[in-house]
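Undergrad: Got work.cif for you, mmCIF, N, CA and C atoms:
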data_final
loop_
_atom_site.label_atom_id
_atom_site.label_comp_id
_atom_site.auth_asym_id
_atom_site.auth_seq_id
_atom_site.Cartn_x
_atom_site.Cartn_y
_atom_site.Cartn_z
N MET A 1006 10.87 15.84 -22.05
CA MET A 1006 9.74 16.00 -21.16
C MET A 1006 9.42 14.69 -20.44
N GLN A 1007 9.65 13.56 -21.11
CA GLN A 1007 9.35 12.26 -20.50
C GLN A 1007 10.19 12.02 -19.24
N LYS A 1008 11.42 12.50 -19.25
CA LYS A 1008 12.28 12.32 -18.08
C LYS A 1008 11.74 13.10 -16.89
N VAL A 1009 11.20 14.27 -17.16
CA VAL A 1009 10.62 15.09 -16.09
C VAL A 1009 9.41 14.39 -15.50
N VAL A 1010 8.55 13.86 -16.35
CA VAL A 1010 7.35 13.15 -15.89
C VAL A 1010 7.75 11.92 -15.08
N LEU A 1011 8.74 11.19 -15.54
CA LEU A 1011 9.22 10.02 -14.81
C LEU A 1011 9.73 10.43 -13.43
N PHE A 1012 10.50 11.50 -13.38
CA PHE A 1012 10.99 12.01 -12.10
C PHE A 1012 9.83 12.36 -11.18
N LEU A 1013 8.78 12.99 -11.73
CA LEU A 1013 7.63 13.38 -10.92
C LEU A 1013 6.86 12.17 -10.41
N TYR A 1014 6.79 11.11 -11.21
CA TYR A 1014 6.17 9.86 -10.75
C TYR A 1014 6.94 9.28 -9.57
N ILE A 1015 8.25 9.32 -9.65
CA ILE A 1015 9.08 8.83 -8.55
C ILE A 1015 8.87 9.69 -7.30
N ALA A 1016 8.82 11.00 -7.49
CA ALA A 1016 8.58 11.91 -6.37
C ALA A 1016 7.21 11.65 -5.76
N PHE A 1017 6.20 11.38 -6.60
CA PHE A 1017 4.86 11.10 -6.10
C PHE A 1017 4.85 9.80 -5.28
N GLY A 1018 5.58 8.80 -5.75
CA GLY A 1018 5.69 7.55 -5.00
C GLY A 1018 6.35 7.76 -3.65
N SER A 1019 7.37 8.59 -3.61
CA SER A 1019 8.04 8.90 -2.35
C SER A 1019 7.10 9.64 -1.41
N LEU A 1020 6.29 10.50 -1.96
CA LEU A 1020 5.33 11.24 -1.15
C LEU A 1020 4.28 10.30 -0.57
N ARG A 1021 3.82 9.32 -1.36
CA ARG A 1021 2.86 8.33 -0.86
C ARG A 1021 3.49 7.50 0.25
N GLU A 1022 4.77 7.18 0.11
CA GLU A 1022 5.48 6.44 1.16
C GLU A 1022 5.55 7.26 2.44
N LEU A 1023 5.82 8.54 2.31
CA LEU A 1023 5.84 9.43 3.47
C LEU A 1023 4.47 9.47 4.14
N HIS A 1024 3.41 9.51 3.34
CA HIS A 1024 2.04 9.52 3.87
C HIS A 1024 1.79 8.25 4.69
N TYR A 1025 2.22 7.12 4.17
CA TYR A 1025 2.06 5.86 4.90
C TYR A 1025 2.85 5.88 6.21
N GLN A 1026 4.08 6.35 6.16
CA GLN A 1026 4.91 6.39 7.36
C GLN A 1026 4.32 7.32 8.41
N LEU A 1027 3.70 8.39 7.97
CA LEU A 1027 3.03 9.29 8.90
C LEU A 1027 1.86 8.58 9.58
N SER A 1028 1.07 7.85 8.79
CA SER A 1028 -0.06 7.10 9.35
C SER A 1028 0.42 6.06 10.35
N LEU A 1029 1.48 5.37 10.01
CA LEU A 1029 2.04 4.36 10.90
C LEU A 1029 2.55 4.99 12.20
N SER A 1030 3.23 6.10 12.09
CA SER A 1030 3.74 6.79 13.28
C SER A 1030 2.61 7.22 14.20
N LYS A 1031 1.51 7.66 13.60
CA LYS A 1031 0.35 8.07 14.40
C LYS A 1031 -0.27 6.85 15.10
N ARG A 1032 -0.42 5.76 14.35
CA ARG A 1032 -1.02 4.54 14.94
C ARG A 1032 -0.17 3.98 16.07
N LEU A 1033 1.15 4.09 15.94
CA LEU A 1033 2.04 3.55 16.96
C LEU A 1033 2.25 4.51 18.12
N GLY A 1034 1.68 5.70 18.03
CA GLY A 1034 1.74 6.65 19.13
C GLY A 1034 2.98 7.52 19.16
N PHE A 1035 3.72 7.58 18.08
CA PHE A 1035 4.91 8.42 18.03
C PHE A 1035 4.57 9.89 17.77
N LEU A 1036 3.39 10.15 17.22
CA LEU A 1036 2.95 11.51 16.93
C LEU A 1036 1.60 11.77 17.57
N ARG A 1037 1.41 12.98 18.04
CA ARG A 1037 0.10 13.37 18.54
C ARG A 1037 -0.81 13.65 17.36
N ASN A 1038 -2.11 13.53 17.58
CA ASN A 1038 -3.08 13.76 16.50
C ASN A 1038 -2.96 15.15 15.90
N HIS A 1039 -2.75 16.15 16.75
CA HIS A 1039 -2.64 17.53 16.25
C HIS A 1039 -1.45 17.67 15.29
N ASP A 1040 -0.32 17.15 15.71
CA ASP A 1040 0.89 17.24 14.87
C ASP A 1040 0.71 16.48 13.56
N SER A 1041 0.16 15.29 13.65
CA SER A 1041 0.00 14.49 12.44
C SER A 1041 -1.03 15.09 11.51
N SER A 1042 -2.04 15.75 12.05
CA SER A 1042 -3.06 16.38 11.20
C SER A 1042 -2.46 17.52 10.38
N LEU A 1043 -1.59 18.30 10.99
CA LEU A 1043 -0.94 19.39 10.27
C LEU A 1043 -0.06 18.84 9.14
N LEU A 1044 0.70 17.81 9.45
CA LEU A 1044 1.58 17.22 8.43
C LEU A 1044 0.77 16.54 7.33
N GLU A 1045 -0.30 15.84 7.72
CA GLU A 1045 -1.11 15.14 6.73
C GLU A 1045 -1.76 16.12 5.76
N ALA A 1046 -2.21 17.25 6.26
CA ALA A 1046 -2.82 18.26 5.39
C ALA A 1046 -1.81 18.76 4.35
N LYS A 1047 -0.58 18.97 4.77
CA LYS A 1047 0.46 19.42 3.84
C LYS A 1047 0.78 18.34 2.80
N ILE A 1048 0.82 17.09 3.25
CA ILE A 1048 1.11 15.99 2.33
C ILE A 1048 0.00 15.86 1.29
N VAL A 1049 -1.25 15.91 1.74
CA VAL A 1049 -2.38 15.78 0.81
C VAL A 1049 -2.39 16.93 -0.18
N GLU A 1050 -2.11 18.13 0.29
CA GLU A 1050 -2.05 19.29 -0.60
C GLU A 1050 -0.95 19.11 -1.65
N THR A 1051 0.20 18.64 -1.22
CA THR A 1051 1.32 18.41 -2.13
C THR A 1051 1.00 17.31 -3.14
N GLU A 1052 0.31 16.26 -2.69
CA GLU A 1052 -0.10 15.19 -3.60
C GLU A 1052 -1.00 15.73 -4.71
N LYS A 1053 -1.93 16.58 -4.35
CA LYS A 1053 -2.85 17.15 -5.34
C LYS A 1053 -2.10 18.01 -6.36
N VAL A 1054 -1.21 18.85 -5.87
CA VAL A 1054 -0.45 19.73 -6.76
C VAL A 1054 0.45 18.90 -7.68
N LEU A 1055 1.14 17.94 -7.11
CA LEU A 1055 2.04 17.10 -7.90
C LEU A 1055 1.27 16.28 -8.93
N ASN A 1056 0.13 15.75 -8.53
CA ASN A 1056 -0.70 14.99 -9.46
C ASN A 1056 -1.18 15.87 -10.61
N GLY A 1057 -1.57 17.09 -10.32
CA GLY A 1057 -1.99 18.02 -11.37
C GLY A 1057 -0.86 18.35 -12.32
N LEU A 1058 0.33 18.53 -11.79
CA LEU A 1058 1.50 18.82 -12.63
C LEU A 1058 1.82 17.63 -13.53
N ILE A 1059 1.78 16.44 -12.97
CA ILE A 1059 2.03 15.23 -13.76
C ILE A 1059 1.01 15.13 -14.89
N ARG A 1060 -0.25 15.32 -14.55
CA ARG A 1060 -1.31 15.21 -15.55
C ARG A 1060 -1.13 16.24 -16.66
N ALA A 1061 -0.79 17.47 -16.28
CA ALA A 1061 -0.62 18.54 -17.27
C ALA A 1061 0.55 18.25 -18.21
N LEU A 1062 1.66 17.79 -17.66
CA LEU A 1062 2.83 17.51 -18.49
C LEU A 1062 2.64 16.25 -19.33
N ARG A 1063 1.97 15.26 -18.77
CA ARG A 1063 1.75 14.01 -19.49
C ARG A 1063 0.81 14.20 -20.69
N ASP A 1064 -0.20 15.05 -20.52
CA ASP A 1064 -1.20 15.26 -21.56
C ASP A 1064 -0.74 16.24 -22.64
N ASP A 1065 0.41 16.86 -22.45
CA ASP A 1065 0.93 17.80 -23.46
C ASP A 1065 1.35 17.13 -24.72
#
Re-express the file's structure as structure tokens.

TA:
Amino acid sequence: MQKVVLFLYIAFGSLRELHYQLSLSKRLGFLRNHDSSLLEAKIVETEKVLNGLIRALRDD
């Protein structure tokens, strides 16, 4: 189970990196606000789900 949790931590870190890159792309003008808002909502939703899964598996 520890290997799964470690993998999920790595996946969560990659997701946070994607979130940062999205913010940077928006600030630099590569993405329109509408497009970035849709993507950001999906990223935030995925972060919440992944965080809940990590917490559930870690506390087992």

Undergrad: I would like the residues chosen by the PyMOL selection byres (((chain A and resi 1058-1063 and name CA) around 8) and name CA) on the shown file; could you give them as JSON, numbers by chain?

TA: {"A": [1006, 1007, 1010, 1013, 1014, 1054, 1055, 1056, 1057, 1064, 1065]}

Undergrad: Could you tell me how far CA of Glu1045 (chain A) sits from CA of Leu1033 (chain A), in Å to one decimal place?

TA: 15.8 Å

Undergrad: Go ahead and compute the interatomic distance for atom N of Ser1041 (chain A) and atom C of Leu1027 (chain A), in Å to one decimal.

TA: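 These atoms are spaced 8.0 Å apart.
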
Undergrad: Please indicate the distance in Å from CA of Leu1044 (chain A) to CA of Arg1032 (chain A), rounded to one decimal place.

TA: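 Computing the Euclidean distance for CA of Leu1044 (chain A) and CA of Arg1032 (chain A) yields 14.5 Å.
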
Undergrad: Would you write out, as a list in words, every residue that the PyMOL selection byres (((chain A and resi 1022-1025 and name CA) around 12) and name CA) captures in this file?

TA: Ile1015, Ala1016, Phe1017, Gly1018, Ser1019, Leu1020, Arg1021, Gln1026, Leu1027, Ser1028, Leu1029, Ser1030, Lys1031, Arg1032, Ser1041, Ser1042, Leu1044, Glu1045, Ala1046, Lys1047, Ile1048, Val1049, Glu1050, Thr1051 and Glu1052 of chain A

Undergrad: Keeping just N, CA and C atoms, export region 1012-1044 of chain A of this structure as a PDB file, in the first residue's frame.

TA:
ATOM      1  N   PHE A1012       3.269   6.700  -5.085  1.00  0.00           N
ATOM      2  CA  PHE A1012       2.925   7.018  -6.471  1.00  0.00           C
ATOM      3  C   PHE A1012       1.920   8.162  -6.531  1.00  0.00           C
ATOM      4  N   LEU A1013       0.921   8.141  -5.639  1.00  0.00           N
ATOM      5  CA  LEU A1013      -0.098   9.191  -5.627  1.00  0.00           C
ATOM      6  C   LEU A1013       0.488  10.539  -5.212  1.00  0.00           C
ATOM      7  N   TYR A1014       1.454  10.535  -4.302  1.00  0.00           N
ATOM      8  CA  TYR A1014       2.148  11.778  -3.937  1.00  0.00           C
ATOM      9  C   TYR A1014       2.889  12.355  -5.143  1.00  0.00           C
ATOM     10  N   ILE A1015       3.524  11.495  -5.903  1.00  0.00           N
ATOM     11  CA  ILE A1015       4.233  11.944  -7.104  1.00  0.00           C
ATOM     12  C   ILE A1015       3.238  12.500  -8.120  1.00  0.00           C
ATOM     13  N   ALA A1016       2.119  11.812  -8.289  1.00  0.00           N
ATOM     14  CA  ALA A1016       1.082  12.282  -9.206  1.00  0.00           C
ATOM     15  C   ALA A1016       0.530  13.629  -8.753  1.00  0.00           C
ATOM     16  N   PHE A1017       0.355  13.802  -7.440  1.00  0.00           N
ATOM     17  CA  PHE A1017      -0.145  15.068  -6.908  1.00  0.00           C
ATOM     18  C   PHE A1017       0.858  16.194  -7.173  1.00  0.00           C
ATOM     19  N   GLY A1018       2.136  15.899  -7.015  1.00  0.00           N
ATOM     20  CA  GLY A1018       3.169  16.895  -7.315  1.00  0.00           C
ATOM     21  C   GLY A1018       3.157  17.288  -8.780  1.00  0.00           C
ATOM     22  N   SER A1019       2.967  16.328  -9.651  1.00  0.00           N
ATOM     23  CA  SER A1019       2.884  16.615 -11.084  1.00  0.00           C
ATOM     24  C   SER A1019       1.663  17.465 -11.395  1.00  0.00           C
ATOM     25  N   LEU A1020       0.585  17.198 -10.713  1.00  0.00           N
ATOM     26  CA  LEU A1020      -0.634  17.977 -10.907  1.00  0.00           C
ATOM     27  C   LEU A1020      -0.439  19.416 -10.446  1.00  0.00           C
ATOM     28  N   ARG A1021       0.261  19.614  -9.327  1.00  0.00           N
ATOM     29  CA  ARG A1021       0.563  20.970  -8.840  1.00  0.00           C
ATOM     30  C   ARG A1021       1.455  21.703  -9.844  1.00  0.00           C
ATOM     31  N   GLU A1022       2.391  20.978 -10.453  1.00  0.00           N
ATOM     32  CA  GLU A1022       3.254  21.572 -11.470  1.00  0.00           C
ATOM     33  C   GLU A1022       2.428  22.005 -12.678  1.00  0.00           C
ATOM     34  N   LEU A1023       1.492  21.179 -13.087  1.00  0.00           N
ATOM     35  CA  LEU A1023       0.598  21.528 -14.184  1.00  0.00           C
ATOM     36  C   LEU A1023      -0.212  22.773 -13.847  1.00  0.00           C
ATOM     37  N   HIS A1024      -0.683  22.870 -12.610  1.00  0.00           N
ATOM     38  CA  HIS A1024      -1.450  24.033 -12.160  1.00  0.00           C
ATOM     39  C   HIS A1024      -0.597  25.301 -12.282  1.00  0.00           C
ATOM     40  N   TYR A1025       0.652  25.216 -11.872  1.00  0.00           N
ATOM     41  CA  TYR A1025       1.556  26.363 -11.985  1.00  0.00           C
ATOM     42  C   TYR A1025       1.779  26.736 -13.451  1.00  0.00           C
ATOM     43  N   GLN A1026       2.008  25.751 -14.299  1.00  0.00           N
ATOM     44  CA  GLN A1026       2.248  26.021 -15.715  1.00  0.00           C
ATOM     45  C   GLN A1026       1.028  26.648 -16.373  1.00  0.00           C
ATOM     46  N   LEU A1027      -0.149  26.248 -15.943  1.00  0.00           N
ATOM     47  CA  LEU A1027      -1.374  26.855 -16.450  1.00  0.00           C
ATOM     48  C   LEU A1027      -1.440  28.324 -16.048  1.00  0.00           C
ATOM     49  N   SER A1028      -1.125  28.613 -14.786  1.00  0.00           N
ATOM     50  CA  SER A1028      -1.122  29.999 -14.305  1.00  0.00           C
ATOM     51  C   SER A1028      -0.113  30.841 -15.077  1.00  0.00           C
ATOM     52  N   LEU A1029       1.051  30.293 -15.303  1.00  0.00           N
ATOM     53  CA  LEU A1029       2.087  30.998 -16.043  1.00  0.00           C
ATOM     54  C   LEU A1029       1.647  31.263 -17.483  1.00  0.00           C
ATOM     55  N   SER A1030       1.062  30.279 -18.117  1.00  0.00           N
ATOM     56  CA  SER A1030       0.581  30.441 -19.493  1.00  0.00           C
ATOM     57  C   SER A1030      -0.472  31.534 -19.586  1.00  0.00           C
ATOM     58  N   LYS A1031      -1.325  31.604 -18.580  1.00  0.00           N
ATOM     59  CA  LYS A1031      -2.362  32.641 -18.559  1.00  0.00           C
ATOM     60  C   LYS A1031      -1.724  34.021 -18.386  1.00  0.00           C
ATOM     61  N   ARG A1032      -0.775  34.125 -17.450  1.00  0.00           N
ATOM     62  CA  ARG A1032      -0.114  35.415 -17.206  1.00  0.00           C
ATOM     63  C   ARG A1032       0.661  35.900 -18.423  1.00  0.00           C
ATOM     64  N   LEU A1033       1.249  34.978 -19.165  1.00  0.00           N
ATOM     65  CA  LEU A1033       2.037  35.350 -20.337  1.00  0.00           C
ATOM     66  C   LEU A1033       1.180  35.560 -21.578  1.00  0.00           C
ATOM     67  N   GLY A1034      -0.115  35.309 -21.465  1.00  0.00           N
ATOM     68  CA  GLY A1034      -1.027  35.564 -22.567  1.00  0.00           C
ATOM     69  C   GLY A1034      -1.152  34.443 -23.578  1.00  0.00           C
ATOM     70  N   PHE A1035      -0.691  33.259 -23.247  1.00  0.00           N
ATOM     71  CA  PHE A1035      -0.804  32.128 -24.167  1.00  0.00           C
ATOM     72  C   PHE A1035      -2.194  31.498 -24.144  1.00  0.00           C
ATOM     73  N   LEU A1036      -2.943  31.730 -23.069  1.00  0.00           N
ATOM     74  CA  LEU A1036      -4.294  31.184 -22.937  1.00  0.00           C
ATOM     75  C   LEU A1036      -5.276  32.306 -22.644  1.00  0.00           C
ATOM     76  N   ARG A1037      -6.464  32.179 -23.194  1.00  0.00           N
ATOM     77  CA  ARG A1037      -7.529  33.125 -22.860  1.00  0.00           C
ATOM     78  C   ARG A1037      -8.083  32.765 -21.490  1.00  0.00           C
ATOM     79  N   ASN A1038      -8.666  33.746 -20.819  1.00  0.00           N
ATOM     80  CA  ASN A1038      -9.211  33.519 -19.481  1.00  0.00           C
ATOM     81  C   ASN A1038     -10.267  32.421 -19.471  1.00  0.00           C
ATOM     82  N   HIS A1039     -11.120  32.397 -20.492  1.00  0.00           N
ATOM     83  CA  HIS A1039     -12.177  31.383 -20.539  1.00  0.00           C
ATOM     84  C   HIS A1039     -11.580  29.977 -20.603  1.00  0.00           C
ATOM     85  N   ASP A1040     -10.613  29.798 -21.481  1.00  0.00           N
ATOM     86  CA  ASP A1040      -9.977  28.482 -21.626  1.00  0.00           C
ATOM     87  C   ASP A1040      -9.257  28.068 -20.346  1.00  0.00           C
ATOM     88  N   SER A1041      -8.529  29.001 -19.764  1.00  0.00           N
ATOM     89  CA  SER A1041      -7.774  28.660 -18.558  1.00  0.00           C
ATOM     90  C   SER A1041      -8.701  28.391 -17.384  1.00  0.00           C
ATOM     91  N   SER A1042      -9.840  29.062 -17.328  1.00  0.00           N
ATOM     92  CA  SER A1042     -10.792  28.828 -16.234  1.00  0.00           C
ATOM     93  C   SER A1042     -11.355  27.413 -16.291  1.00  0.00           C
ATOM     94  N   LEU A1043     -11.657  26.944 -17.487  1.00  0.00           N
ATOM     95  CA  LEU A1043     -12.168  25.579 -17.635  1.00  0.00           C
ATOM     96  C   LEU A1043     -11.121  24.557 -17.194  1.00  0.00           C
ATOM     97  N   LEU A1044      -9.891  24.765 -17.628  1.00  0.00           N
ATOM     98  CA  LEU A1044      -8.816  23.840 -17.261  1.00  0.00           C
ATOM     99  C   LEU A1044      -8.512  23.909 -15.769  1.00  0.00           C
TER     100      LEU A1044
END
